[in-house]
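Engineer: Submitted below is the structure of interest, expressed as structure tokens.
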Amino acid sequence: MYFCPLMDKKVRVRFAPSPTGGLHLGGVRTVLYNYLFARQHRGDFVLRIEDTDQTRYVPGAEEYIVDCLQWCGLEPDESPQKGGKYGPYRQSERKEMYKQYAEYLVKKGFAYYAFDTPEELDSMRKEFKTPEDPSPQYGHHTRIKMRNSLTIPEKEVKELMEKGTTHVIRFLMPENDEVSFTDMIRGEVKFNTHTLDDKVLLKADGMPTYHLAVVVDDHLMQITHIFRGEEWLPSTPLHLLLWERLGWKDEIPQYAHLPLILKPDGKGKLSKRDGDRLGFPVYAMQWTDPKTGEVTKGFREIGFLPEAFNNMLALLGWNDGTEKEIFSPEELVEKFSMERVHKGGAKFNFEKAKWFNHEYIKRGDSRMLLPYFKKILQEKNVQENDDRLLSIMDLIKERCTLLPDLWENSFFFFQRPTEYDKESILKKWDADKKQFFKELPAAFSAVESFTPGSLEDAFKSLAERKNLKAGGLMLPLRIILVGGKFGPPVFHIAELLGKQETLERIKIALRWEFMN
Ligand code: GLU
């Protein structure tokens with residue numbers, strides 16, 4: 001049976017996470033691809049919280065997901081928080097809706113009641129276990145031996161139901177059918193139902209399983225495209241059969257299963273543990289495990305810009321067919337295409353990820369960076385006017401990879417050095433140089449405008465007058481102004497320190513023992 005979607009509807013896509021913990025960068029990439037596709041087609045992007053498995057529910061995880069999406073700038077059009085006309089958007093609040101579909105499937109002969117106890121399931125697994133089949137499934141070759149509405153006479157089933165006997169509803173998987181569909185990334189994908197089991201659709205507590213809920217909700221929410229991780233590919237034949245058995249074959253969405261994000265060495269899926277081991281984040285944002293209190297840092301906390309993070313993620317498994325790597329958010333919306341997403345997994349490379357962030361800081365307008373810089377300065381108890389901050393950032397941003405580097409490359413503008421690398425000065429020190437620095441304040445005071453150009457001129461002509469090479473005097477000046485061998489060009493530093501502070505810092509140095 002081939003499943004072919006109809007494509008004349010308004011595009012509606014969804015991100016459907018289970019709120020179980022931190023949001024892995026693979027999850028954010030799924031959000032991003034959904035979002036880009038929705039924007040490109042002027043469609044809707046829905047956030048649906050899949051919380052039917054109460055045993056896996058983690059408090060705070062939903063709020064965390066919402067915050068992550070907000071930080072990334074990938075906000076949904078409909079969500080539990082925003083509402084929308086297809087709500088509620090939390091599956092636990094839709095509980096009552098699912099049962100009728102499971103019952104409908106039983107009535108139509110596509111599903112059945114199963115009364116097996118956990119012990120009975122256990123002994124089935126033992127009885128049917130063979131070396132070829134070490135964990136036998138509940139399916140076409142075992143279901144006839146089990147206690148279900150296919151094996152128990154109808155009258156007895158009725159009695160069991162009336163007595164309220166614990167039961168589940170299982171899907172009746174056809175024994176030998178071919179299920180095929182066209183995945184937007186992988187092309188035609190075929191499955192034979194022979195190896196598939198009779199999945200539970202409705203649990204004993206009346207809650208749907210993921211498989212039933214996902215299909216019912218995608219239908220009720222009029223979802224047209226399903227973009228999700230490739231780990232869901234094996235579930236797709238069941239989902240397609242459910243669409244068909246529920247009478248919705250003509251509304252089947254288009255599927256694309258996104259490739260995995262792999263460890264840096266390409267060997268297996270990137271996990272949180274790899275991040276801990278190799279020293280980089282795997283979650284978008286910091287996650288605190290409510291049970292253990294364990295805190296896992298995210299890309300946000302180490303100083304990624306959300307735009308850079310998105311750009312990096314977009315390129316993890318996609319390109320536009322050229323060498324281009326930097327895409328503005330608008331360009332991504334315009335250029336992205338699901339058909340160009342690679343089939344194979346994408347290796348995560350933290351150095352490359354940082355390169356994106358560096359490019360965004362370097363190329364970005366300092367005004368865009370201003371709020372981040374101010375936040376850092378606030379933590380350091382530094383207050384400064386915006387114009388000066390903008391000039392400082394213009395000077396240093398190309399040296400910054402992560403946002404905290406803004407401070408690392410500028411702290412000396414806000415605080416006088418407390419330590420000086422005098423050793424480096426003393427390596428090549430003499431009486432002439434000493435004299436030079438004694439006369440430097442006067443030379444700097446005399447410049448008409450305190451700009452890098454005039455400061456450099458004044459510096460060089462003083463050196464010339466003293467028969468000294470200016471080159472050998474620059475390092476001492478730098479150390480005098482900032483304390484060490486770092487920072488942007490030294491006359492730019494002086495300009496931004498301003499006349500008074502520059503002269504003050506030179507005067508402080510003139511009190512050093514080797515200056516006298
Ligand atoms: N709730 C599933 C998850 O946690 C959603 C899979 C899907 O998109 O169908 O990833």
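Residues are referred to by chain and number: the chain letter is A, B, ... according to the order shown in the structure tokens, the number counts from 1 in that chain, and ligands are numbered separately from 1 in the order shown.
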Residues near segment 321-329 of chain A, anyone? I mean within 8 Å using only C-alpha atoms, not counting same-chain ones fewer than 4 positions away, as a compact mmCIF listing (two decimals) with N, CA, C and O atoms, in the first residue's frame.

Structural biologist:
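As a result, out-v5.txt now contains:
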```txt
# COMPACT_ATOMS: atom_id res chain seq x y z
N GLU A 307 21.19 33.72 16.98
CA GLU A 307 21.24 33.73 15.50
C GLU A 307 22.38 32.84 15.00
O GLU A 307 22.24 32.15 13.99
N ASN A 311 22.08 29.41 12.82
CA ASN A 311 22.80 29.29 11.55
C ASN A 311 23.64 28.01 11.56
O ASN A 311 23.63 27.23 10.62
N LEU A 315 23.03 24.42 9.21
CA LEU A 315 24.06 23.82 8.34
C LEU A 315 24.48 22.42 8.79
O LEU A 315 25.30 21.79 8.14
N VAL A 333 15.13 31.38 5.75
CA VAL A 333 13.73 31.15 5.40
C VAL A 333 13.59 31.01 3.88
O VAL A 333 12.90 30.13 3.38
N ARG A 340 17.03 19.25 0.28
CA ARG A 340 18.49 19.35 0.31
C ARG A 340 19.08 18.92 1.66
O ARG A 340 20.28 19.04 1.88
N PHE A 356 31.04 29.94 13.89
CA PHE A 356 29.81 30.67 13.53
C PHE A 356 29.57 31.81 14.51
O PHE A 356 29.24 32.92 14.12
```

Engineer: Taking 4 positions as the minimum chain separation for residues in the same chain, which residues sit within 8 Å of Thr224 of chain A when counting only C-alpha atoms? Answer as a list in words.

Structural biologist: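 The residues satisfying every condition are Met7, Lys9, Lys10, Val11, Arg12, Val13, Glu251, Ile252, Pro253 and Gln254 of chain A.
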
Engineer: Near His257 of chain A, within 6 Å and counting only C-alpha atoms, which residues show up once chain neighbours fewer than 5 positions away are dropped, as a list in words?

Structural biologist: Phe227, Arg228, Gly229 and Glu230 of chain A

Engineer: Which is closest to Thr142 of chain A among A:Ser271, A:Asp197, A:Asp265, A:Thr130, if we use only C-alpha atoms?

Structural biologist: A:Asp197

Engineer: Produce a table with one row for each residue of chain A that has an atom at most 6 Å from any atom of ligand 1, each row naming the nearest atom pair and its distance in Å at one decimal; use only C-alpha atoms and all ligand atoms; arrange rows by chain and rising residue number; format as a Markdown table.

Structural biologist:
```
| residue | atom | partner | partner_atom_place_in_ligand_line | distance |
| --- | --- | --- | --- | --- |
| A:Ala16 | CA | ligand 1 | 5 (C) | 4.7 |
| A:Pro17 | CA | ligand 1 | 4 (O) | 4.1 |
| A:Ser18 | CA | ligand 1 | 4 (O) | 4.1 |
| A:Glu50 | CA | ligand 1 | 1 (N) | 5.1 |
| A:Arg228 | CA | ligand 1 | 8 (O) | 4.7 |
```

Engineer: Write the residues of the preceding selection, restricted to N, CA, C and O atoms, as an mmCIF file, in the first residue's frame.

Structural biologist:
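Ended up saving to selection00.cif:
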```
data_model
loop_
_atom_site.group_PDB
_atom_site.id
_atom_site.type_symbol
_atom_site.label_atom_id
_atom_site.label_comp_id
_atom_site.auth_asym_id
_atom_site.auth_seq_id
_atom_site.Cartn_x
_atom_site.Cartn_y
_atom_site.Cartn_z
ATOM 1 N N ALA A 16 6.750 18.343 18.487
ATOM 2 C CA ALA A 16 5.934 17.615 19.460
ATOM 3 C C ALA A 16 6.801 16.947 20.520
ATOM 4 O O ALA A 16 6.885 15.723 20.587
ATOM 5 N N PRO A 17 7.483 17.721 21.336
ATOM 6 C CA PRO A 17 8.392 17.102 22.296
ATOM 7 C C PRO A 17 7.675 16.478 23.489
ATOM 8 O O PRO A 17 6.588 16.908 23.866
ATOM 9 N N SER A 18 8.329 15.478 24.062
ATOM 10 C CA SER A 18 7.879 14.959 25.351
ATOM 11 C C SER A 18 8.695 15.712 26.397
ATOM 12 O O SER A 18 9.916 15.808 26.266
ATOM 13 N N GLU A 50 3.788 16.482 24.244
ATOM 14 C CA GLU A 50 3.361 15.078 24.259
ATOM 15 C C GLU A 50 3.692 14.465 25.618
ATOM 16 O O GLU A 50 4.765 13.898 25.817
ATOM 17 N N ARG A 228 10.638 15.127 11.748
ATOM 18 C CA ARG A 228 11.081 14.629 13.055
ATOM 19 C C ARG A 228 12.345 13.812 12.880
ATOM 20 O O ARG A 228 12.733 13.472 11.764
#
```

Engineer: Within segment 144-320 of chain A, find each residue whose DSSP state, derived from the backbone, is strand (DSSP E or B), and express the selection as a VMD selection string.

Structural biologist: chain A and resid 148 168 to 171 178 to 183 187 to 192 200 to 202 208 225 to 229 254 to 258 261 to 262 269 283 287 to 288 295 to 296 298 318

Engineer: Write out, as a compact mmCIF listing (two decimals), in the first residue's frame, the residues just selected, with C-alpha atoms.

Structural biologist:
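Result file result-v2.txt:
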```
# COMPACT_ATOMS: atom_id res chain seq x y z
CA ASN A 148 -7.38 -11.09 23.78
CA VAL A 168 -5.35 -2.46 26.71
CA ILE A 169 -6.21 -1.91 23.06
CA ARG A 170 -3.66 -3.23 20.60
CA PHE A 171 -3.29 -2.50 16.91
CA GLU A 178 4.06 -3.68 2.25
CA VAL A 179 3.85 -0.13 3.48
CA SER A 180 5.63 2.48 1.46
CA PHE A 181 5.77 6.25 1.30
CA THR A 182 7.98 9.00 -0.04
CA ASP A 183 10.09 10.65 2.60
CA GLY A 187 12.86 9.23 -1.14
CA GLU A 188 10.80 6.05 -1.29
CA VAL A 189 10.89 4.07 1.94
CA LYS A 190 9.39 0.56 2.13
CA PHE A 191 8.55 -1.59 5.10
CA ASN A 192 7.11 -5.04 5.38
CA VAL A 200 -0.56 -0.90 22.39
CA LEU A 201 -2.70 2.08 21.37
CA LEU A 202 -4.65 2.66 24.55
CA PRO A 208 -3.22 6.74 24.69
CA HIS A 225 4.09 17.95 7.19
CA ILE A 226 5.84 15.92 9.84
CA PHE A 227 9.52 16.67 10.29
CA ARG A 228 11.08 14.63 13.06
CA GLY A 229 14.22 12.76 13.97
CA GLN A 254 4.21 14.47 4.15
CA TYR A 255 7.04 13.02 6.21
CA ALA A 256 10.70 13.90 6.45
CA HIS A 257 12.94 12.08 8.89
CA LEU A 258 15.91 14.20 9.82
CA ILE A 261 23.59 14.60 14.79
CA LEU A 262 26.68 12.48 15.36
CA LYS A 269 24.58 9.74 18.06
CA TYR A 283 21.66 21.40 25.24
CA TRP A 287 19.01 22.49 32.30
CA THR A 288 18.73 21.68 35.98
CA VAL A 295 23.10 21.46 36.22
CA THR A 296 23.99 21.08 32.57
CA GLY A 298 23.76 25.17 27.42
CA TRP A 318 21.78 21.03 5.10
```

Engineer: Using only C-alpha atoms, determine which residues lie at most 8 Å from Pro417 of chain A, disregarding the query and same-chain residues fewer than 2 positions distant; provide the list as a PyMOL selection string.

Structural biologist: chain A and resi 412+415+419-420+481-483

Engineer: Identify, on the basis of only C-alpha atoms, every residue whose closest approach to Pro281 of chain A does not exceed 10 Å; exclude the query and any residue fewer than 5 positions from it along the same chain; express the result as a list in words.

Structural biologist: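 Near neighbours after the sequence-gap exclusion: His24, Leu25, Ser271, Lys272, Arg273, Asp274, Gly275, Asp276, Gln286, Thr296, Lys297, Gly298, Phe299, Arg300, Glu301, Ile302 and Phe350 of chain A.
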
Engineer: Excluding Ile376 of chain A and residues on its chain fewer than 6 positions from it, collect all residues at most 10 Å away from it, counting only C-alpha atoms, and give them as a VMD selection string.

Structural biologist: chain A and resid 370 382 403 to 404 406 to 407

Engineer: Could you tell me how far atom CA of Tyr57 of chain A lies from atom CA of Leu105 of chain A, in Å and to one decimal?

Structural biologist: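 Computing it gives 28.0 Å between the two atoms.
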
Engineer: What does the structure give for the distance between atom CA of Ser135 of chain A and atom CA of His194 of chain A, in Å to one decimal?

Structural biologist: 15.5 Å

Engineer: Residues near Asp198 of chain A, anyone? I mean within 12 Å using only C-alpha atoms, not counting same-chain ones fewer than 4 positions away, as a PDB file with C-alpha atoms, in the first residue's frame.

Structural biologist:
```
ATOM      1  CA  PHE A 110      -8.292  -3.092  13.072  1.00  0.00           C
ATOM      2  CA  ALA A 111      -7.501  -3.322  16.770  1.00  0.00           C
ATOM      3  CA  TYR A 112      -8.457  -5.583  19.661  1.00  0.00           C
ATOM      4  CA  TYR A 113      -8.743  -5.754  23.417  1.00  0.00           C
ATOM      5  CA  ALA A 114      -5.940  -7.559  25.204  1.00  0.00           C
ATOM      6  CA  PRO A 136       9.522 -12.259  20.918  1.00  0.00           C
ATOM      7  CA  GLN A 137       6.913  -9.591  20.286  1.00  0.00           C
ATOM      8  CA  TYR A 138       3.184  -9.511  20.701  1.00  0.00           C
ATOM      9  CA  GLY A 139       2.278  -9.911  17.051  1.00  0.00           C
ATOM     10  CA  HIS A 140       0.930 -12.097  14.333  1.00  0.00           C
ATOM     11  CA  HIS A 141       2.654 -15.276  15.469  1.00  0.00           C
ATOM     12  CA  THR A 142       2.007 -14.900  19.184  1.00  0.00           C
ATOM     13  CA  ARG A 143      -1.324 -13.067  19.430  1.00  0.00           C
ATOM     14  CA  ILE A 144      -3.323 -16.242  18.814  1.00  0.00           C
ATOM     15  CA  ASN A 148      -7.380 -11.091  23.784  1.00  0.00           C
ATOM     16  CA  VAL A 168      -5.349  -2.463  26.709  1.00  0.00           C
ATOM     17  CA  ILE A 169      -6.209  -1.906  23.062  1.00  0.00           C
ATOM     18  CA  ARG A 170      -3.659  -3.227  20.602  1.00  0.00           C
ATOM     19  CA  PHE A 171      -3.292  -2.499  16.908  1.00  0.00           C
ATOM     20  CA  LEU A 172      -3.832  -5.510  14.664  1.00  0.00           C
ATOM     21  CA  MET A 173      -0.746  -5.350  12.502  1.00  0.00           C
ATOM     22  CA  PRO A 174      -1.303  -7.013   9.124  1.00  0.00           C
ATOM     23  CA  GLU A 175       0.891 -10.056   8.765  1.00  0.00           C
ATOM     24  CA  THR A 193       4.705  -5.368   8.273  1.00  0.00           C
ATOM     25  CA  HIS A 194       5.929  -8.908   8.887  1.00  0.00           C
ATOM     26  CA  LEU A 202      -4.649   2.657  24.549  1.00  0.00           C
ATOM     27  CA  HIS A 211       1.463   6.157  18.497  1.00  0.00           C
ATOM     28  CA  SER A 235       7.241   3.910  13.754  1.00  0.00           C
ATOM     29  CA  LEU A 238       2.330   1.981  12.021  1.00  0.00           C
ATOM     30  CA  LEU A 241      -1.613   2.380   8.776  1.00  0.00           C
ATOM     31  CA  LEU A 242      -3.362   4.197  11.609  1.00  0.00           C
TER      32      LEU A 242
END
```
